[in-house]
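Colleague: Structure: run-v8.cif, mmCIF, C-alpha atoms.
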data_coords
loop_
_atom_site.label_atom_id
_atom_site.label_comp_id
_atom_site.auth_asym_id
_atom_site.auth_seq_id
_atom_site.Cartn_x
_atom_site.Cartn_y
_atom_site.Cartn_z
CA MET U 1 29.45 3.86 -65.62
CA ILE U 2 26.11 5.23 -66.70
CA ALA U 3 24.28 2.46 -64.87
CA ILE U 4 25.50 3.86 -61.54
CA LEU U 5 23.53 7.01 -62.39
CA GLY U 6 20.37 4.98 -62.02
CA LEU U 7 21.44 3.93 -58.54
CA VAL U 8 22.13 7.52 -57.57
CA VAL U 9 18.77 8.64 -58.90
CA GLY U 10 17.03 5.94 -56.91
CA VAL U 11 18.79 6.82 -53.65
CA VAL U 12 18.14 10.54 -54.05
CA ALA U 13 14.49 9.92 -54.89
CA GLY U 14 14.10 7.72 -51.83
CA LEU U 15 15.64 10.29 -49.50
CA PHE U 16 13.79 13.19 -51.08
CA PHE U 17 10.29 11.79 -51.35
CA ALA U 18 10.54 9.63 -48.23
CA PRO U 19 7.69 7.36 -49.32
CA ASP U 20 5.47 5.94 -46.59
CA VAL U 21 5.71 2.20 -46.47
CA PRO U 22 2.30 0.54 -45.95
CA VAL U 23 2.06 -0.64 -42.36
CA GLY U 24 1.49 -4.28 -43.34
CA LEU U 25 4.72 -4.46 -45.36
CA GLU U 26 6.87 -2.55 -42.90
CA PRO U 27 8.44 -5.55 -41.12
CA TYR U 28 9.51 -7.14 -44.46
CA LEU U 29 11.44 -4.13 -45.72
CA PRO U 30 14.77 -4.98 -44.05
CA ILE U 31 14.73 -8.55 -45.37
CA ALA U 32 13.91 -7.26 -48.86
CA VAL U 33 16.89 -4.92 -48.66
CA VAL U 34 19.26 -7.76 -47.71
CA ALA U 35 17.91 -9.93 -50.54
CA ALA U 36 18.35 -7.04 -52.97
CA LEU U 37 21.92 -6.57 -51.74
CA ASP U 38 22.62 -10.24 -52.43
CA ALA U 39 21.32 -9.91 -55.99
CA VAL U 40 23.33 -6.72 -56.60
CA PHE U 41 26.58 -8.22 -55.36
CA GLY U 42 25.91 -11.36 -57.40
CA GLY U 43 25.48 -9.20 -60.48
CA LEU U 44 28.65 -7.29 -59.70
CA ARG U 45 30.64 -10.50 -59.37
CA ALA U 46 29.18 -11.83 -62.65
CA LEU U 47 30.20 -8.56 -64.31
CA LEU U 48 33.75 -8.88 -63.10
CA ASP U 49 33.76 -12.57 -64.11
CA GLY U 50 32.70 -11.50 -67.58
CA ILE U 51 29.45 -13.47 -67.63
CA PHE U 52 26.99 -10.69 -66.77
CA ASP U 53 23.53 -10.78 -68.31
CA ASP U 54 21.07 -8.00 -67.57
CA LYS U 55 17.99 -10.22 -67.91
CA VAL U 56 19.39 -12.68 -65.40
CA PHE U 57 20.25 -9.78 -63.09
CA VAL U 58 16.74 -8.29 -63.25
CA VAL U 59 15.10 -11.67 -62.67
CA SER U 60 17.42 -12.56 -59.82
CA PHE U 61 16.84 -9.16 -58.15
CA ILE U 62 13.04 -9.29 -58.34
CA SER U 63 12.79 -12.94 -57.41
CA ASN U 64 15.22 -12.62 -54.47
CA VAL U 65 13.26 -9.74 -53.00
CA LEU U 66 9.89 -11.40 -53.49
CA ILE U 67 10.96 -14.84 -52.29
CA ALA U 68 12.70 -13.56 -49.17
CA ALA U 69 9.68 -11.42 -48.22
CA ALA U 70 7.30 -14.30 -48.96
CA ILE U 71 9.27 -16.73 -46.79
CA VAL U 72 9.24 -14.40 -43.79
CA PHE U 73 5.56 -13.52 -44.35
CA THR U 74 4.59 -17.20 -44.41
CA GLY U 75 6.72 -17.77 -41.35
CA ASP U 76 4.86 -14.98 -39.52
CA LYS U 77 1.53 -16.56 -40.36
CA LEU U 78 2.78 -19.93 -39.12
CA GLY U 79 4.26 -18.44 -36.00
CA VAL U 80 7.92 -19.09 -36.85
CA GLY U 81 8.52 -15.69 -38.47
CA GLY U 82 11.49 -14.83 -36.30
CA GLN U 83 13.28 -18.13 -36.87
CA LEU U 84 12.65 -18.17 -40.61
CA SER U 85 13.86 -14.62 -40.97
CA THR U 86 17.02 -15.62 -39.10
CA GLY U 87 17.55 -18.49 -41.55
CA VAL U 88 17.04 -16.25 -44.57
CA ILE U 89 19.42 -13.63 -43.21
CA VAL U 90 22.06 -16.28 -42.52
CA VAL U 91 21.93 -17.71 -46.05
CA LEU U 92 21.84 -14.31 -47.73
CA GLY U 93 24.66 -13.12 -45.51
CA ILE U 94 26.87 -16.06 -46.45
CA ARG U 95 26.15 -15.51 -50.14
CA ILE U 96 26.92 -11.79 -49.87
CA PHE U 97 30.19 -12.62 -48.10
CA SER U 98 31.24 -15.09 -50.81
CA ASN U 99 30.36 -12.72 -53.67
CA VAL U 100 32.17 -9.81 -52.02
CA ALA U 101 35.22 -12.05 -51.46
CA ALA U 102 35.22 -12.97 -55.14
CA ILE U 103 34.84 -9.30 -56.12
CA ARG U 104 37.76 -8.44 -53.81
CA ARG U 105 39.88 -11.09 -55.47
CA HIS U 106 39.04 -9.57 -58.87
CA LEU U 107 39.71 -5.98 -57.74
CA PHE U 108 42.97 -6.57 -55.90
CA HIS U 109 44.48 -9.37 -57.94
CA ALA U 110 43.47 -8.25 -61.39
CA MET N 111 25.96 -54.46 -54.62
CA THR N 112 27.73 -51.65 -56.48
CA GLN N 113 28.24 -48.37 -54.63
CA ARG N 114 26.40 -45.70 -56.61
CA GLU N 115 28.14 -42.35 -56.68
CA LEU N 116 26.19 -39.99 -54.48
CA PRO N 117 25.33 -36.63 -56.04
CA PRO N 118 27.26 -33.61 -54.78
CA HIS N 119 24.31 -31.93 -53.07
CA VAL N 120 24.24 -34.89 -50.68
CA THR N 121 27.95 -35.25 -49.95
CA VAL N 122 29.08 -31.64 -49.85
CA PRO N 123 28.58 -29.97 -46.41
CA LEU N 124 26.01 -27.14 -46.16
CA LEU N 125 28.33 -24.20 -45.74
CA ASP N 126 30.53 -25.35 -48.61
CA ARG N 127 27.44 -25.69 -50.76
CA LEU N 128 26.28 -22.20 -49.82
CA THR N 129 29.65 -20.60 -50.65
CA ALA N 130 29.99 -22.62 -53.84
CA SER N 131 26.55 -21.59 -55.11
CA ALA N 132 26.86 -17.94 -54.04
CA LEU N 133 26.71 -16.81 -57.64
CA ASP N 134 23.54 -17.75 -59.49
CA ALA N 135 24.28 -20.62 -61.83
CA ASP N 136 22.06 -18.83 -64.35
CA TYR N 137 24.83 -16.39 -65.21
CA GLN N 138 27.15 -19.23 -66.23
CA THR N 139 24.57 -21.15 -68.25
CA VAL N 140 23.43 -18.04 -70.16
CA ALA N 141 27.03 -17.06 -70.83
CA ASP N 142 27.80 -20.62 -72.09
CA ARG N 143 24.75 -20.49 -74.35
CA ARG N 144 25.81 -17.15 -75.79
CA LEU N 145 29.37 -18.36 -76.31
CA ALA N 146 27.99 -21.44 -78.07
CA ALA N 147 25.88 -19.07 -80.26
CA GLY N 148 29.00 -17.10 -80.99
CA GLU N 149 28.10 -13.84 -79.18
CA GLN N 150 29.87 -12.00 -76.39
CA SER N 151 29.67 -13.78 -73.04
CA SER N 152 28.59 -10.64 -71.21
CA ARG N 153 25.66 -8.40 -72.12
CA LEU N 154 24.74 -5.09 -70.55
CA GLY N 155 21.21 -3.86 -71.30
CA LEU N 156 21.65 -0.33 -70.03
CA ALA N 157 17.98 0.66 -69.71
CA GLN N 158 16.89 -2.32 -67.63
CA LEU N 159 20.05 -2.08 -65.58
CA MET N 160 19.43 1.54 -64.70
CA VAL N 161 15.81 0.87 -63.75
CA VAL N 162 16.76 -1.99 -61.49
CA LEU N 163 19.58 -0.05 -59.87
CA ALA N 164 17.22 2.89 -59.31
CA LEU N 165 14.78 0.51 -57.67
CA PHE N 166 17.55 -0.85 -55.48
CA GLY N 167 18.60 2.65 -54.45
CA LEU N 168 15.00 3.52 -53.63
CA LEU N 169 14.62 0.38 -51.53
CA VAL N 170 17.78 0.99 -49.55
CA SER N 171 17.08 4.64 -48.86
CA THR N 172 13.48 3.92 -47.87
CA ALA N 173 14.56 1.23 -45.43
CA PHE N 174 17.18 3.56 -44.02
CA ALA N 175 14.65 6.41 -43.54
CA GLN N 176 12.11 4.01 -42.04
CA THR N 177 14.57 2.68 -39.49
CA ARG N 178 15.52 6.18 -38.46
CA ARG N 179 11.87 7.14 -37.99
CA ASP N 180 11.18 4.00 -35.97
CA ALA N 181 14.16 4.71 -33.78
CA THR N 182 12.82 8.19 -33.02
CA VAL N 183 9.37 6.85 -32.28
CA SER N 184 10.62 4.13 -29.96
CA ALA N 185 12.96 6.58 -28.21
CA ASN N 186 10.03 8.93 -27.64
CA GLY N 187 7.94 6.02 -26.39
CA ARG N 188 10.68 5.06 -23.97
CA ALA N 189 11.01 8.65 -22.74
CA THR N 190 7.24 8.85 -22.19
CA LEU N 191 7.25 5.61 -20.25
CA ILE N 192 10.16 6.78 -18.10
CA SER N 193 8.39 10.05 -17.30
CA GLN N 194 5.20 8.11 -16.50
CA ILE N 195 7.15 5.89 -14.14
CA ALA N 196 8.62 8.92 -12.40
CA GLU N 197 5.16 10.50 -12.08
CA GLN N 198 3.65 7.36 -10.63
CA LYS N 199 6.52 7.01 -8.18
CA ALA N 200 5.97 10.60 -7.01
CA ALA N 201 2.23 9.95 -6.67
CA LEU N 202 3.01 6.80 -4.70
CA THR N 203 5.22 8.75 -2.29
CA ARG N 204 2.49 11.35 -1.81
CA LEU N 205 -0.11 8.67 -1.15
CA ALA N 206 2.18 6.91 1.32
CA ALA N 207 2.57 10.19 3.21
CA GLN N 208 -1.21 10.67 3.16
CA GLU N 209 -1.65 7.15 4.41
CA ALA N 210 0.64 7.81 7.34
CA VAL N 211 -1.31 10.97 8.23
CA LEU N 212 -4.63 9.17 7.95
CA ARG N 213 -3.39 6.28 10.04
CA ARG N 214 -2.41 8.66 12.82
CA SER N 215 -5.79 10.38 12.71
CA VAL N 216 -7.54 6.98 12.71
CA SER N 217 -5.73 5.91 15.84
CA ALA N 218 -6.50 9.29 17.44
CA LEU N 219 -10.18 8.89 16.58
CA ARG N 220 -10.15 5.36 17.89
CA GLY N 221 -8.81 6.63 21.17
CA GLN N 222 -11.54 9.26 21.26
CA ASP N 223 -14.09 6.65 20.38
CA SER N 224 -13.12 4.40 23.27
CA VAL N 225 -13.18 7.38 25.65
CA LEU N 226 -16.65 8.33 24.42
CA ASN N 227 -17.78 4.73 24.74
CA LYS N 228 -16.67 4.68 28.34
CA GLN N 229 -18.48 7.96 28.97
CA GLY N 230 -21.58 6.57 27.31
CA ALA N 231 -21.47 3.43 29.43
CA ALA N 232 -21.02 5.53 32.57
CA ALA N 233 -23.97 7.71 31.59
CA GLN N 234 -26.02 4.61 30.91
CA SER N 235 -25.30 3.11 34.32
CA LEU N 236 -26.00 6.45 36.00
CA LEU N 237 -29.34 6.58 34.22
CA GLN N 238 -30.23 3.11 35.41
CA ARG N 239 -29.27 3.96 38.95
CA LEU N 240 -31.33 7.14 38.89
CA GLN N 241 -34.46 6.11 37.13
CA THR N 242 -35.71 3.86 39.88
CA PRO N 243 -35.53 6.23 42.81
CA SER N 244 -36.46 9.28 40.74
CA GLY N 245 -39.75 7.72 39.74
CA PHE N 246 -39.25 7.94 36.02
CA SER N 247 -39.31 4.22 35.41
CA ALA N 248 -41.80 1.56 36.46
CA VAL N 249 -40.68 -0.59 39.38
CA HIS N 250 -41.84 -3.70 41.14
CA GLY N 251 -41.03 -5.33 44.39
CA PRO N 252 -42.41 -6.22 47.81
CA GLY N 253 -44.09 -3.51 49.81
CA LEU N 254 -47.21 -2.19 51.45
CA ARG N 255 -50.61 -1.18 50.26
CA ALA N 256 -52.36 1.33 52.43
CA LEU N 257 -55.96 2.32 52.05
CA VAL N 258 -57.15 5.70 53.33
CA THR N 259 -60.80 6.69 53.27
CA ASP N 260 -62.47 9.90 54.39
CA GLY N 261 -63.80 10.13 57.88
CA PRO N 262 -67.52 9.97 58.73
CA PRO N 263 -69.38 12.54 56.64
CA ALA N 264 -69.76 15.90 58.33
CA ALA N 265 -71.76 18.92 57.34
CA ASP N 266 -68.74 21.20 56.81
CA LYS N 267 -66.83 18.49 54.98
CA SER N 268 -64.07 18.72 57.53
CA ASN N 269 -63.51 14.99 57.64
CA LEU N 270 -62.31 14.69 54.08
CA VAL N 271 -58.71 13.70 53.55
CA ARG N 272 -56.60 16.74 52.71
CA ASP N 273 -53.38 17.21 50.82
CA SER N 274 -51.47 18.01 54.01
CA ASP N 275 -52.68 14.78 55.61
CA LEU N 276 -51.47 12.72 52.71
CA ALA N 277 -48.24 14.68 52.79
CA PHE N 278 -47.68 13.59 56.40
CA LEU N 279 -48.24 9.94 55.43
CA VAL N 280 -45.98 10.16 52.39
CA ASN N 281 -43.19 11.92 54.24
CA GLY N 282 -43.44 9.41 57.04
CA LEU N 283 -43.13 6.60 54.54
CA TRP N 284 -40.08 8.23 52.88
CA ALA N 285 -38.48 8.57 56.29
CA SER N 286 -39.20 4.91 57.02
CA GLY N 287 -37.29 3.67 54.03
CA ALA N 288 -39.80 3.71 51.18
CA GLU N 289 -38.16 3.33 47.78
CA ALA N 290 -41.14 4.18 45.59
CA ILE N 291 -44.58 5.55 46.42
CA ALA N 292 -47.69 5.86 44.31
CA ILE N 293 -51.07 7.29 45.23
CA ASN N 294 -54.00 5.89 43.28
CA GLY N 295 -51.56 4.83 40.58
CA GLN N 296 -49.80 8.20 40.40
CA ARG N 297 -46.06 7.74 41.03
CA LEU N 298 -44.43 10.31 43.26
CA THR N 299 -41.21 11.88 42.07
CA SER N 300 -39.03 14.75 43.27
CA LEU N 301 -41.20 17.05 41.21
CA SER N 302 -44.50 15.70 42.43
CA ALA N 303 -46.80 17.82 44.53
CA ILE N 304 -49.87 16.85 46.50
CA ARG N 305 -52.27 19.73 46.43
CA ASN N 306 -55.85 20.42 47.13
CA SER N 307 -57.98 21.96 44.46
CA GLY N 308 -61.29 22.58 46.05
CA TRP N 309 -62.16 19.34 47.78
CA ALA N 310 -60.19 17.17 45.35
CA ILE N 311 -56.58 16.19 45.81
CA HIS N 312 -54.31 16.56 42.82
CA VAL N 313 -51.12 14.56 42.39
CA ASN N 314 -48.89 15.09 39.37
CA GLY N 315 -51.58 17.41 38.13
CA ARG N 316 -54.17 14.59 38.09
CA GLY N 317 -57.22 14.71 40.24
CA LEU N 318 -57.75 11.82 42.63
CA ALA N 319 -60.77 10.76 44.56
CA ALA N 320 -61.18 8.88 47.84
CA PRO N 321 -60.51 6.18 48.77
CA TYR N 322 -56.81 6.74 48.33
CA THR N 323 -54.63 3.71 47.70
CA VAL N 324 -51.06 4.40 48.72
CA GLU N 325 -48.71 1.77 47.38
CA VAL N 326 -45.22 1.68 48.74
CA ILE N 327 -42.31 -0.46 47.70
CA GLY N 328 -39.82 -1.30 50.41
CA ASP N 329 -39.23 -3.73 53.23
CA PRO N 330 -42.81 -4.23 54.55
CA ASN N 331 -41.83 -4.98 58.15
CA GLN N 332 -39.35 -2.18 58.42
CA LEU N 333 -41.79 0.30 56.85
CA GLN N 334 -44.55 -0.48 59.28
CA ALA N 335 -42.26 -0.42 62.29
CA LYS N 336 -40.44 2.74 61.41
CA LEU N 337 -43.59 4.60 60.41
CA LEU N 338 -44.67 4.47 64.01
CA GLU N 339 -41.32 5.89 65.13
CA THR N 340 -41.00 8.89 62.80
CA THR N 341 -42.38 12.28 63.71
CA THR N 342 -44.43 12.64 60.58
CA GLY N 343 -45.71 9.10 60.97
CA GLN N 344 -46.87 9.87 64.46
CA LEU N 345 -48.57 13.07 63.22
CA TRP N 346 -50.34 11.02 60.60
CA PHE N 347 -51.63 8.50 63.10
CA ALA N 348 -52.80 11.34 65.31
CA ILE N 349 -54.82 12.83 62.47
CA VAL N 350 -56.25 9.42 61.61
CA ARG N 351 -57.43 9.02 65.19
CA GLN N 352 -58.66 12.56 65.44
CA VAL N 353 -60.56 12.87 62.17
CA GLY N 354 -61.60 9.26 61.98
CA PHE N 355 -60.05 8.17 58.67
CA GLU N 356 -60.17 4.54 57.84
CA PHE N 357 -56.58 3.44 57.51
CA THR N 358 -55.40 -0.07 56.71
CA MET N 359 -52.00 -1.33 55.67
CA THR N 360 -51.31 -4.72 54.09
CA SER N 361 -48.04 -6.20 52.93
CA VAL N 362 -47.92 -7.22 49.33
CA LYS N 363 -45.34 -9.63 47.99
CA ASN N 364 -45.04 -8.07 44.55
CA LEU N 365 -46.20 -4.56 43.81
CA THR N 366 -45.84 -2.92 40.41
CA LEU N 367 -45.71 0.85 40.36
CA PRO N 368 -45.92 2.75 37.09
CA ALA N 369 -43.47 5.40 35.97
CA ALA N 370 -44.28 9.00 36.54
CA PRO N 371 -45.09 11.12 33.51
CA LEU N 372 -41.96 12.80 32.21
CA ARG N 373 -41.52 16.50 32.91
CA THR N 374 -38.67 18.25 31.13
CA PRO N 375 -37.14 20.87 33.41
CA GLN N 376 -37.45 24.36 31.95
CA SER N 377 -35.14 26.22 34.30
CA ALA N 378 -33.24 23.61 36.25
CA GLU N 379 -29.98 22.53 34.73
CA ALA N 380 -27.90 19.60 35.85
CA ILE N 381 -24.46 20.21 37.33
CA ALA N 382 -22.02 17.77 35.86
CA ALA N 383 -21.74 15.35 38.75
CA ALA N 384 -19.57 12.27 39.03
CA GLY N 385 -21.95 9.30 39.38
CA GLY N 386 -23.12 8.31 42.82
CA LYS N 387 -24.43 11.64 44.05
CA ALA N 388 -27.89 10.52 42.94
CA GLN N 389 -30.78 10.03 45.33
CA ASP N 390 -29.62 6.74 46.72
CA SER N 391 -32.53 4.88 48.17
CA GLN N 392 -32.52 4.67 51.92
CA GLY N 393 -33.33 1.58 53.80
CA GLY N 394 -32.70 -1.95 52.82
CA THR N 395 -33.30 -3.62 49.59
CA LYS N 396 -34.08 -7.29 49.42
#
Since I need it in another form, could you write the structure as structure tokens?

Modeller:
Amino acid sequence: MIAILGLVVGVVAGLFFAPDVPVGLEPYLPIAVVAALDAVFGGLRALLDGIFDDKVFVVSFISNVLIAAAIVFTGDKLGVGGQLSTGVIVVLGIRIFSNVAAIRRHLFHA
Amino acid sequence: MTQRELPPHVTVPLLDRLTASALDADYQTVADRRLAAGEQSSRLGLAQLMVVLALFGLLVSTAFAQTRRDATVSANGRATLISQIAEQKAALTRLAAQEAVLRRSVSALRGQDSVLNKQGAAAQSLLQRLQTPSGFSAVHGPGLRALVTDGPPAADKSNLVRDSDLAFLVNGLWASGAEAIAINGQRLTSLSAIRNSGWAIHVNGRGLAAPYTVEVIGDPNQLQAKLLETTTGQLWFAIVRQVGFEFTMTSVKNLTLPAAPLRTPQSAEAIAAAGGKAQDSQGGTK
């Protein structure tokens, strides 16, 4: 699929340019990656279910990343950053697991 | 009271809710809307899709690179700390060894110090024992005061008291148990000389004039008695009778004799003596 080309370009660019993350945002990068993963797997499952919409995918991706980072940031300011980040990771992890299970069902039972 | 049906988000357990809502409900609603409008249920906008996937790839690779860099940094930090610990441990061992050495030297010095203290105390007591009989410190005690005046004036001045006469008296007094003697306030020491210079008598280098007051510290009775027995004492009394000196002796309950002026020996050097070989006073003390 041509869309995968975009993914490849992004990965190569990241490894090649090795951009420096601003020090203030550094601790939120891992959580943003997990949120992005959740959005990507959700989109993949929707695609295989036949109800994919690119607008919904873009919105879900951006909002997931921003919301997850914002939750952990607020938690840090309140002093419960570690616990909140644990909660976010748990929820996102469960969602990723469910979406991957559904994708597996599509791939191996289709 | 009719039981109202509780909504599902209240009755369904949390984990079930999470797994059930894993896929955004938006996908379904948009697809239903499109189906209702008669279009395809799925839409792929390639451009946006590629951009978002590129962004995702960038994010993942950046996070990956960042984690690797952090791991290196923290590993280096750990290595530095470990080497610092090893250094400090080595320094600690060295210092402990130094401490042991210093402790030994401290105890050695303490031993020396106590030895020197004892020597100092011994020297101090020796000094105290010596300074009284040697004449280099003022003393007081019971004794005699003798007054000697020249004989009747003669033309050739032969009746004046001479140094040798006084020497007889002084030696007689020493032999009788005198502990300290002073003539006209000049204390006699082992370095004192009684000499004539012209008609004047000099003691300790100071000129004295008649009448001569000889103050003696000692047992008054014993002094008087023994003076008559000694050879020099008898010589003295003979001269007194012969020349015609006026000679009186009175006992005094408390005499104070000054110290002799200090004279540093130029040639004489002390032999290191164990204490007690000093000039011990003869005769009785009180």

Colleague: What would the selection look like, as an MDAnalysis selection string, if the PyMOL selection byres ((chain N) within 12 of (chain U)) were run on the coordinates I just shared?

Modeller: chainID N and resid 124:145 149:180

Colleague: What is the distance, in Å and to one decimal place, between CA of Arg255 in chain N and CA of Pro368 in chain N?

Modeller: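 Separating CA of Arg255 in chain N from CA of Pro368 in chain N is a distance of 14.5 Å.
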
Colleague: My list of candidates is U:Val65, U:Leu25, U:Ala101, U:Val72. Which is closest to Gly87 in chain U when distances are computed with all atoms listed in the file?

Modeller: U:Val72

Colleague: Report the residues retrieved by the PyMOL selection byres ((chain N and resi 239-247) around 7) from the displayed file, expressed as an MDAnalysis selection string.

Modeller: chainID N and resid 235:238 248:249 289:290 297:300 368:370 372 388:389 391

Colleague: Once the PyMOL selection byres ((chain N and resi 366) around 10) has been evaluated on this model, what residues remain selected, and can you format them as an MDAnalysis selection string?

Modeller: chainID N and resid 248:253 290 292 295 325:327 364:365 367:369
